[in-house]
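A.B. asks: My structure file data10.pdb, PDB, C-alpha atoms and all ligand atoms, is below:
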ATOM      1  CA  MET A  13     -59.921 -22.662 -68.340
ATOM      2  CA  ARG A  14     -63.199 -23.600 -66.691
ATOM      3  CA  LEU A  15     -62.043 -27.175 -65.986
ATOM      4  CA  THR A  16     -58.778 -26.025 -64.465
ATOM      5  CA  ILE A  17     -60.530 -23.564 -62.227
ATOM      6  CA  THR A  18     -63.170 -26.023 -61.103
ATOM      7  CA  PHE A  19     -60.546 -28.678 -60.407
ATOM      8  CA  TRP A  20     -58.501 -26.417 -58.169
ATOM      9  CA  LYS A  21     -61.282 -24.524 -56.527
ATOM     10  CA  LEU A  22     -62.399 -26.967 -53.846
ATOM     11  CA  PRO A  23     -58.980 -27.916 -52.428
ATOM     12  CA  ALA A  24     -58.004 -24.259 -52.501
ATOM     13  CA  VAL A  25     -61.037 -23.319 -50.446
ATOM     14  CA  ALA A  26     -60.335 -26.060 -47.897
ATOM     15  CA  ALA A  27     -56.735 -24.914 -47.579
ATOM     16  CA  VAL A  28     -57.793 -21.323 -47.255
ATOM     17  CA  ALA A  29     -60.339 -22.156 -44.568
ATOM     18  CA  ALA A  30     -57.603 -23.924 -42.581
ATOM     19  CA  LEU A  31     -55.236 -20.999 -43.047
ATOM     20  CA  ALA A  32     -57.906 -18.541 -42.010
ATOM     21  CA  THR A  33     -58.282 -20.402 -38.744
ATOM     22  CA  VAL A  34     -54.539 -20.370 -38.127
ATOM     23  CA  GLY A  35     -54.181 -16.726 -39.134
ATOM     24  CA  LEU A  36     -56.867 -15.586 -36.755
ATOM     25  CA  GLN A  37     -56.000 -17.752 -33.796
ATOM     26  CA  ALA A  38     -55.561 -14.712 -31.610
ATOM     27  CA  GLN A  39     -59.208 -13.836 -32.121
ATOM     28  CA  THR A  40     -62.108 -15.583 -30.515
ATOM     29  CA  MET A  41     -65.035 -13.792 -32.115
ATOM     30  CA  THR A  42     -66.109 -12.274 -35.389
ATOM     31  CA  PRO A  43     -65.224  -8.573 -35.280
ATOM     32  CA  PRO A  44     -68.237  -6.341 -34.696
ATOM     33  CA  GLY A  45     -68.055  -4.609 -38.102
ATOM     34  CA  PRO A  46     -68.989  -0.956 -38.568
ATOM     35  CA  PRO A  47     -72.416   0.385 -37.603
ATOM     36  CA  VAL A  48     -74.907   0.082 -40.448
ATOM     37  CA  LYS A  49     -77.473   2.654 -41.429
ATOM     38  CA  SER A  50     -80.494   0.358 -41.192
ATOM     39  CA  ASP A  51     -81.932  -2.150 -38.733
ATOM     40  CA  HIS A  52     -84.307  -3.666 -41.291
ATOM     41  CA  PRO A  53     -84.691  -7.433 -40.633
ATOM     42  CA  ALA A  54     -83.145  -8.293 -44.045
ATOM     43  CA  VAL A  55     -80.073  -6.186 -43.231
ATOM     44  CA  LYS A  56     -79.758  -7.893 -39.832
ATOM     45  CA  ARG A  57     -80.023 -11.321 -41.426
ATOM     46  CA  GLY A  58     -77.491 -10.362 -44.101
ATOM     47  CA  GLU A  59     -75.085  -9.167 -41.422
ATOM     48  CA  TYR A  60     -75.473 -12.483 -39.596
ATOM     49  CA  ILE A  61     -74.728 -14.450 -42.790
ATOM     50  CA  VAL A  62     -71.754 -12.299 -43.833
ATOM     51  CA  LYS A  63     -70.224 -12.594 -40.370
ATOM     52  CA  SER A  64     -70.852 -16.305 -39.856
ATOM     53  CA  MET A  65     -69.916 -17.436 -43.389
ATOM     54  CA  GLY A  66     -66.599 -15.619 -43.329
ATOM     55  CA  CYS A  67     -67.151 -13.244 -46.263
ATOM     56  CA  TRP A  68     -65.412 -10.558 -44.196
ATOM     57  CA  ASP A  69     -62.434 -12.835 -43.567
ATOM     58  CA  CYS A  70     -61.428 -12.770 -47.234
ATOM     59  CA  HIS A  71     -62.967  -9.442 -48.274
ATOM     60  CA  THR A  72     -61.495  -7.254 -45.478
ATOM     61  CA  PRO A  73     -57.711  -6.716 -45.590
ATOM     62  CA  GLN A  74     -55.758  -7.813 -42.537
ATOM     63  CA  LYS A  75     -53.250  -5.625 -40.776
ATOM     64  CA  MET A  76     -50.884  -6.458 -37.933
ATOM     65  CA  GLY A  77     -52.341  -5.776 -34.477
ATOM     66  CA  PRO A  78     -51.043  -6.353 -30.941
ATOM     67  CA  ASN A  79     -52.240  -9.989 -30.966
ATOM     68  CA  GLY A  80     -51.384 -10.816 -34.587
ATOM     69  CA  PRO A  81     -53.244 -10.174 -37.843
ATOM     70  CA  GLU A  82     -56.637  -8.500 -37.489
ATOM     71  CA  PRO A  83     -59.124  -7.055 -40.001
ATOM     72  CA  ASP A  84     -58.581  -3.397 -40.905
ATOM     73  CA  MET A  85     -61.975  -2.046 -39.859
ATOM     74  CA  SER A  86     -61.559   1.126 -41.949
ATOM     75  CA  MET A  87     -61.580  -1.233 -44.969
ATOM     76  CA  TRP A  88     -64.518  -3.434 -43.908
ATOM     77  CA  LEU A  89     -65.437  -5.586 -46.956
ATOM     78  CA  ALA A  90     -63.497  -3.214 -49.264
ATOM     79  CA  GLY A  91     -61.240  -5.893 -50.804
ATOM     80  CA  HIS A  92     -57.562  -5.876 -51.679
ATOM     81  CA  PRO A  93     -56.037  -2.403 -51.169
ATOM     82  CA  ALA A  94     -55.585  -0.353 -54.369
ATOM     83  CA  GLY A  95     -51.975   0.060 -55.433
ATOM     84  CA  ALA A  96     -50.837  -3.100 -53.642
ATOM     85  CA  GLU A  97     -50.546  -5.359 -56.692
ATOM     86  CA  VAL A  98     -48.276  -8.330 -56.131
ATOM     87  CA  PRO A  99     -45.370  -8.422 -58.633
ATOM     88  CA  SER A 100     -46.110 -11.930 -59.987
ATOM     89  CA  ALA A 101     -47.606 -15.303 -59.122
ATOM     90  CA  ALA A 102     -45.916 -17.059 -56.176
ATOM     91  CA  ASN A 103     -43.149 -19.469 -57.121
ATOM     92  CA  VAL A 104     -44.087 -22.578 -55.132
ATOM     93  CA  SER A 105     -43.331 -26.249 -55.770
ATOM     94  CA  GLY A 106     -43.637 -29.688 -54.242
ATOM     95  CA  PRO A 107     -46.844 -30.267 -52.343
ATOM     96  CA  TRP A 108     -47.569 -26.495 -52.263
ATOM     97  CA  MET A 109     -49.855 -25.032 -54.879
ATOM     98  CA  GLY A 110     -50.522 -21.487 -53.805
ATOM     99  CA  ALA A 111     -49.872 -18.563 -51.539
ATOM    100  CA  PHE A 112     -51.643 -15.537 -50.145
ATOM    101  CA  SER A 113     -50.539 -12.046 -49.190
ATOM    102  CA  ALA A 114     -50.148 -10.681 -45.660
ATOM    103  CA  THR A 115     -53.379  -8.740 -46.138
ATOM    104  CA  PHE A 116     -55.141 -12.071 -46.851
ATOM    105  CA  THR A 117     -56.644 -10.479 -49.969
ATOM    106  CA  ALA A 118     -54.229 -11.405 -52.815
ATOM    107  CA  TRP A 119     -54.224 -15.045 -53.843
ATOM    108  CA  SER A 120     -51.800 -16.929 -56.047
ATOM    109  CA  GLY A 121     -52.561 -20.381 -57.454
ATOM    110  CA  PRO A 122     -52.716 -22.373 -60.679
ATOM    111  CA  TRP A 123     -55.326 -19.903 -61.989
ATOM    112  CA  GLY A 124     -52.949 -16.921 -61.687
ATOM    113  CA  VAL A 125     -53.346 -14.083 -59.179
ATOM    114  CA  SER A 126     -56.740 -13.002 -57.863
ATOM    115  CA  TYR A 127     -57.672 -10.215 -55.472
ATOM    116  CA  THR A 128     -60.702 -10.125 -53.197
ATOM    117  CA  ARG A 129     -63.039  -7.461 -54.441
ATOM    118  CA  ASN A 130     -64.728  -4.431 -52.980
ATOM    119  CA  LEU A 131     -68.236  -5.396 -51.801
ATOM    120  CA  THR A 132     -69.085  -1.974 -50.309
ATOM    121  CA  PRO A 133     -71.746   0.221 -51.985
ATOM    122  CA  ASP A 134     -69.223   2.662 -53.481
ATOM    123  CA  PRO A 135     -70.667   3.194 -57.005
ATOM    124  CA  GLU A 136     -67.307   3.429 -58.807
ATOM    125  CA  THR A 137     -65.111   0.888 -57.069
ATOM    126  CA  GLY A 138     -67.577  -1.307 -55.157
ATOM    127  CA  ILE A 139     -70.873  -2.936 -56.110
ATOM    128  CA  GLY A 140     -73.028   0.169 -55.577
ATOM    129  CA  GLU A 141     -74.272   0.072 -59.184
ATOM    130  CA  TRP A 142     -75.161  -3.634 -59.099
ATOM    131  CA  THR A 143     -78.820  -4.631 -59.000
ATOM    132  CA  GLU A 144     -80.069  -7.264 -56.579
ATOM    133  CA  GLN A 145     -80.703  -9.582 -59.540
ATOM    134  CA  GLN A 146     -77.131  -9.183 -60.833
ATOM    135  CA  PHE A 147     -75.865 -10.043 -57.354
ATOM    136  CA  ILE A 148     -77.984 -13.221 -57.230
ATOM    137  CA  ASP A 149     -76.995 -14.153 -60.796
ATOM    138  CA  THR A 150     -73.314 -13.908 -59.814
ATOM    139  CA  PHE A 151     -73.777 -16.784 -57.374
ATOM    140  CA  ARG A 152     -75.996 -18.767 -59.748
ATOM    141  CA  THR A 153     -73.629 -18.597 -62.758
ATOM    142  CA  GLY A 154     -70.171 -18.027 -61.230
ATOM    143  CA  ARG A 155     -69.819 -14.966 -63.463
ATOM    144  CA  ARG A 156     -69.689 -11.315 -62.457
ATOM    145  CA  GLN A 157     -73.255  -9.939 -62.531
ATOM    146  CA  GLY A 158     -74.276 -13.206 -64.215
ATOM    147  CA  ARG A 159     -72.745 -12.166 -67.551
ATOM    148  CA  GLY A 160     -69.169 -10.946 -67.032
ATOM    149  CA  ARG A 161     -65.957 -12.902 -66.644
ATOM    150  CA  GLU A 162     -65.761 -16.085 -64.587
ATOM    151  CA  ILE A 163     -65.092 -15.555 -60.877
ATOM    152  CA  LEU A 164     -61.767 -16.991 -59.766
ATOM    153  CA  PRO A 165     -60.700 -18.957 -56.688
ATOM    154  CA  PRO A 166     -60.631 -18.809 -53.817
ATOM    155  CA  MET A 167     -64.111 -17.225 -53.960
ATOM    156  CA  PRO A 168     -66.142 -20.295 -52.876
ATOM    157  CA  ILE A 169     -68.851 -20.079 -55.551
ATOM    158  CA  PRO A 170     -69.592 -23.874 -55.470
ATOM    159  CA  ALA A 171     -70.457 -23.619 -51.773
ATOM    160  CA  LEU A 172     -72.126 -20.219 -51.815
ATOM    161  CA  SER A 173     -74.292 -21.091 -54.833
ATOM    162  CA  ASN A 174     -76.294 -23.173 -52.344
ATOM    163  CA  LEU A 175     -77.567 -20.014 -50.646
ATOM    164  CA  SER A 176     -81.264 -19.360 -51.255
ATOM    165  CA  ASP A 177     -82.488 -16.286 -53.135
ATOM    166  CA  ASP A 178     -83.806 -14.917 -49.827
ATOM    167  CA  ASP A 179     -80.421 -15.284 -48.145
ATOM    168  CA  LEU A 180     -78.633 -13.688 -51.106
ATOM    169  CA  LYS A 181     -81.144 -10.808 -51.003
ATOM    170  CA  ALA A 182     -80.417 -10.393 -47.278
ATOM    171  CA  ILE A 183     -76.643 -10.347 -47.923
ATOM    172  CA  PHE A 184     -77.184  -7.773 -50.670
ATOM    173  CA  ALA A 185     -79.298  -5.625 -48.310
ATOM    174  CA  TYR A 186     -76.510  -5.695 -45.700
ATOM    175  CA  LEU A 187     -73.835  -4.892 -48.306
ATOM    176  CA  ARG A 188     -75.932  -1.893 -49.381
ATOM    177  CA  ALA A 189     -75.969  -0.646 -45.761
ATOM    178  CA  VAL A 190     -72.243  -0.867 -44.868
ATOM    179  CA  PRO A 191     -70.145   2.304 -45.238
ATOM    180  CA  PRO A 192     -68.971   2.797 -48.857
ATOM    181  CA  VAL A 193     -65.173   2.623 -49.214
ATOM    182  CA  LYS A 194     -63.462   4.010 -52.305
ATOM    183  CA  ASN A 195     -60.925   1.306 -53.158
ATOM    184  CA  ARG A 196     -60.243   0.192 -56.712
ATOM    185  CA  VAL A 197     -59.143  -3.441 -56.481
ATOM    186  CA  PRO A 198     -56.535  -4.438 -59.116
ATOM    187  CA  GLU A 199     -57.640  -6.733 -61.945
ATOM    188  CA  PRO A 200     -56.601 -10.403 -61.671
ATOM    189  CA  VAL A 201     -53.686 -11.828 -63.646
ATOM    190  CA  MET A 202     -54.644 -15.008 -65.470
ATOM    191  CA  ALA A 203     -52.084 -17.811 -65.697
ATOM    192  CA  GLY A 204     -53.057 -18.546 -69.304
ATOM    193  CA  GLY A 205     -53.526 -14.937 -70.447
ATOM    194  CA  PRO A 206     -56.627 -12.716 -70.353
ATOM    195  CA  GLN A 207     -59.896 -14.502 -69.617
ATOM    196  CA  LYS A 208     -62.958 -14.233 -71.856
TER     197      LYS A 208
HETATM  198  C1  LIG B 301     -61.896 -17.800 -49.377
HETATM  199  C2  LIG B 301     -62.026 -16.363 -49.652
HETATM  200  C3  LIG B 301     -63.390 -15.788 -49.949
HETATM  201  C4  LIG B 301     -64.537 -15.925 -49.203
HETATM  202  C5  LIG B 301     -64.759 -16.716 -47.918
HETATM  203  C6  LIG B 301     -65.546 -15.142 -49.878
HETATM  204  N1  LIG B 301     -65.019 -14.553 -51.003
HETATM  205 FE1  LIG B 301     -66.035 -13.403 -52.330
HETATM  206  N2  LIG B 301     -64.388 -13.308 -53.523
HETATM  207  C7  LIG B 301     -63.135 -13.792 -53.196
HETATM  208  C8  LIG B 301     -62.218 -13.472 -54.271
HETATM  209  C9  LIG B 301     -60.741 -13.822 -54.334
HETATM  210  C10 LIG B 301     -62.955 -12.757 -55.245
HETATM  211  C11 LIG B 301     -62.445 -12.182 -56.566
HETATM  212  C12 LIG B 301     -62.350 -13.266 -57.624
HETATM  213  C13 LIG B 301     -62.101 -12.695 -59.015
HETATM  214  O1  LIG B 301     -61.593 -11.569 -59.160
HETATM  215  O2  LIG B 301     -62.441 -13.389 -59.989
HETATM  216  C14 LIG B 301     -64.319 -12.683 -54.740
HETATM  217  C15 LIG B 301     -65.367 -12.089 -55.440
HETATM  218  C16 LIG B 301     -66.633 -11.888 -54.938
HETATM  219  C17 LIG B 301     -67.715 -11.223 -55.635
HETATM  220  C18 LIG B 301     -67.647 -10.649 -57.033
HETATM  221  C19 LIG B 301     -67.445  -9.151 -56.945
HETATM  222  C20 LIG B 301     -66.948  -8.533 -58.231
HETATM  223  O3  LIG B 301     -66.813  -7.300 -58.281
HETATM  224  O4  LIG B 301     -66.647  -9.269 -59.184
HETATM  225  C21 LIG B 301     -68.790 -11.195 -54.789
HETATM  226  C22 LIG B 301     -70.154 -10.565 -55.066
HETATM  227  C23 LIG B 301     -68.385 -11.853 -53.563
HETATM  228  N3  LIG B 301     -67.080 -12.279 -53.690
HETATM  229  C24 LIG B 301     -69.195 -11.994 -52.446
HETATM  230  C25 LIG B 301     -68.863 -12.799 -51.353
HETATM  231  C26 LIG B 301     -69.773 -13.079 -50.269
HETATM  232  C27 LIG B 301     -71.167 -12.475 -50.121
HETATM  233  C28 LIG B 301     -69.139 -13.956 -49.444
HETATM  234  C29 LIG B 301     -69.679 -14.658 -48.198
HETATM  235  C30 LIG B 301     -70.995 -15.293 -48.286
HETATM  236  C31 LIG B 301     -67.802 -14.187 -49.994
HETATM  237  N4  LIG B 301     -67.678 -13.465 -51.153
HETATM  238  C32 LIG B 301     -66.849 -15.022 -49.426
HETATM  239  C33 LIG B 301     -62.811 -14.511 -52.053
HETATM  240  C34 LIG B 301     -63.709 -14.919 -51.068
END
Using the file provided, produce a representation of the structure as structure tokens.
Ligand code: HEC
C.D. replies:
Amino acid sequence: MRLTITFWKLPAVAAVAALATVGLQAQTMTPPGPPVKSDHPAVKRGEYIVKSMGCWDCHTPQKMGPNGPEPDMSMWLAGHPAGAEVPSAANVSGPWMGAFSATFTAWSGPWGVSYTRNLTPDPETGIGEWTEQQFIDTFRTGRRQGRGREILPPMPIPALSNLSDDDLKAIFAYLRAVPPVKNRVPEPVMAGGPQK
């Protein structure tokens, strides 16, 4: 499975980046995001990275606004909405290899169906129980908390693994400071059956 995922990951990310640009044409700036409960320099730096690297673009569900799709600010970084599982992988052929949902948080491709996850500090449904080291290890190994299952596309692990420990610590500090949102993201559906 690892080879398949690695093979598809990079083109998928490029395609997604292009789609993100199209989908958000009506917007000219990164949305402000909710107020955070700290102005510590690490939190500020983390906010800057999360906003400029587009984490919010995939991890915040989109809803329809007056000028087209826009992030649902009540779900800032809270991942794919609970209870909105897609029925099955998209049936695409020809040059197409994947699809994404209107919320921009459910992704179908050769790996199966993945859902962007809740990065808010909610202890039960977000990453509130994660340690800083587990967060860093996720990016270093491509596995949840450095020891769980492999992280699926289109999460751009190959690109984001280039972030320094200091930058990852800053992102973690910001993610600790955003409002917690209780939202249990559905588990992914693997094309070849459950993943180890
Ligand atoms: C192109 C879309 C995309 C972008 C951009 C993106 N992610 Fe993700 N991310 C995902 C998807 C999809 C998953 C879930 C994959 C899975 O379930 O295996 C995920 C999973 C994660 C996880 C694992 C959480 C868990 O509970 O397993 C973390 C942490 C994470 N992303 C952080 C980030 C950060 C920080 C950024 C920005 C620096 C970012 N992501 C940018 C799509 C994206």
A.B. asks: Taking only C-alpha atoms and all ligand atoms and a cut-off of 7 Å, can you tell me which residues surround ligand LIG 301 (chain B), written as a PyMOL selection string?
C.D. replies: chain A and resi 25+28-29+61-62+65-67+69-71+117+119+126-131+138-139+147+150+156+162-168+172+183+199-200
A.B. asks: Quick one: of A:Met85, A:Ala185, A:Met202, A:Val190, who's nearest to A:Ser120, counting all atoms listed in the file?
C.D. replies: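 Going through A:Met85, A:Ala185, A:Met202, A:Val190 one by one, the smallest distance to A:Ser120 is for A:Met202.
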A.B. asks: Of the candidates A:Ala94, A:Met87, A:Ala114, A:Val48, which one gets nearest to A:Pro198 if we count all atoms listed in the file?
C.D. replies: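 Ranked by minimum distance to A:Pro198, first place goes to A:Ala94.
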A.B. asks: Residue by residue, what does the PyMOL selection byres (((chain A and resi 133) around 12) and not hetatm) grab here? Present the result as a ChimeraX atom specification.
C.D. replies: /A:48,88-90,129-132,134-143,184-195
A.B. asks: Written as a PDB file with C-alpha atoms, in the frame of the given file, which residues does the PyMOL selection byres (((chain A and resi 173) around 12) and not hetatm) give for the file shown?
C.D. replies:
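See part-v7.pdb below for the written result:
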ATOM      1  CA  PHE A 147     -75.865 -10.043 -57.354  1.00  0.00           C
ATOM      2  CA  ILE A 148     -77.984 -13.221 -57.230  1.00  0.00           C
ATOM      3  CA  ASP A 149     -76.995 -14.153 -60.796  1.00  0.00           C
ATOM      4  CA  THR A 150     -73.314 -13.908 -59.814  1.00  0.00           C
ATOM      5  CA  PHE A 151     -73.777 -16.784 -57.374  1.00  0.00           C
ATOM      6  CA  ARG A 152     -75.996 -18.767 -59.748  1.00  0.00           C
ATOM      7  CA  THR A 153     -73.629 -18.597 -62.758  1.00  0.00           C
ATOM      8  CA  GLY A 154     -70.171 -18.027 -61.230  1.00  0.00           C
ATOM      9  CA  ARG A 155     -69.819 -14.966 -63.463  1.00  0.00           C
ATOM     10  CA  MET A 167     -64.111 -17.225 -53.960  1.00  0.00           C
ATOM     11  CA  PRO A 168     -66.142 -20.295 -52.876  1.00  0.00           C
ATOM     12  CA  ILE A 169     -68.851 -20.079 -55.551  1.00  0.00           C
ATOM     13  CA  PRO A 170     -69.592 -23.874 -55.470  1.00  0.00           C
ATOM     14  CA  ALA A 171     -70.457 -23.619 -51.773  1.00  0.00           C
ATOM     15  CA  LEU A 172     -72.126 -20.219 -51.815  1.00  0.00           C
ATOM     16  CA  ASN A 174     -76.294 -23.173 -52.344  1.00  0.00           C
ATOM     17  CA  LEU A 175     -77.567 -20.014 -50.646  1.00  0.00           C
ATOM     18  CA  SER A 176     -81.264 -19.360 -51.255  1.00  0.00           C
ATOM     19  CA  ASP A 177     -82.488 -16.286 -53.135  1.00  0.00           C
ATOM     20  CA  ASP A 179     -80.421 -15.284 -48.145  1.00  0.00           C
ATOM     21  CA  LEU A 180     -78.633 -13.688 -51.106  1.00  0.00           C
TER      22      LEU A 180
END
A.B. asks: For a test of reading the model, state the distance in Å between atom CA of A:Phe116 and atom CA of A:Thr72, rounded to one decimal.
C.D. replies: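 Going from atom CA of A:Phe116 over to atom CA of A:Thr72, I get 8.1 Å.
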A.B. asks: Box for stretch 47-61 of chain A - axis-aligned, 6 Å on each of the six sides, all listed atoms - centre and size in Å to one decimal, as JSON.
C.D. replies:
{"center_x": -78.6, "center_y": -5.9, "center_z": -40.9, "size_x": 24.3, "size_y": 29.1, "size_z": 18.5}
A.B. asks: Suppose you want the space between atom CA of A:Val197 and atom CA of A:His92; what is it in Å?
C.D. replies: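 Atom CA of A:His92 lies at a distance of 5.6 Å from atom CA of A:Val197.
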A.B. asks: Rounded to one decimal, what separation in Å do you get between atom CA of A:His52 and atom CA of A:Ala182?
C.D. replies: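 These atoms are spaced 9.8 Å apart.
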A.B. asks: Point out the residue among A:Lys181, A:Gly106, A:Ala203, A:Asp84 with the least atom-to-atom distance to A:Pro53, counting all atoms listed in the file.
C.D. replies: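 Once distances to A:Pro53 are computed over all atoms listed in the file, the minimum belongs to A:Lys181.
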A.B. asks: Go through A:Glu59, A:Glu82, A:Glu97, A:Asp178 and flag the residue nearest A:Arg196, using all atoms listed in the file for the distances.
C.D. replies: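 Smallest distance to A:Arg196 is found for A:Glu97.
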A.B. asks: Calculated over only C-alpha atoms, which of the candidates A:Gly58, A:Thr115, A:Ser86, A:Gly45 has the smallest distance to A:Gln74?
C.D. replies: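 Ranked by minimum distance to A:Gln74, first place goes to A:Thr115.
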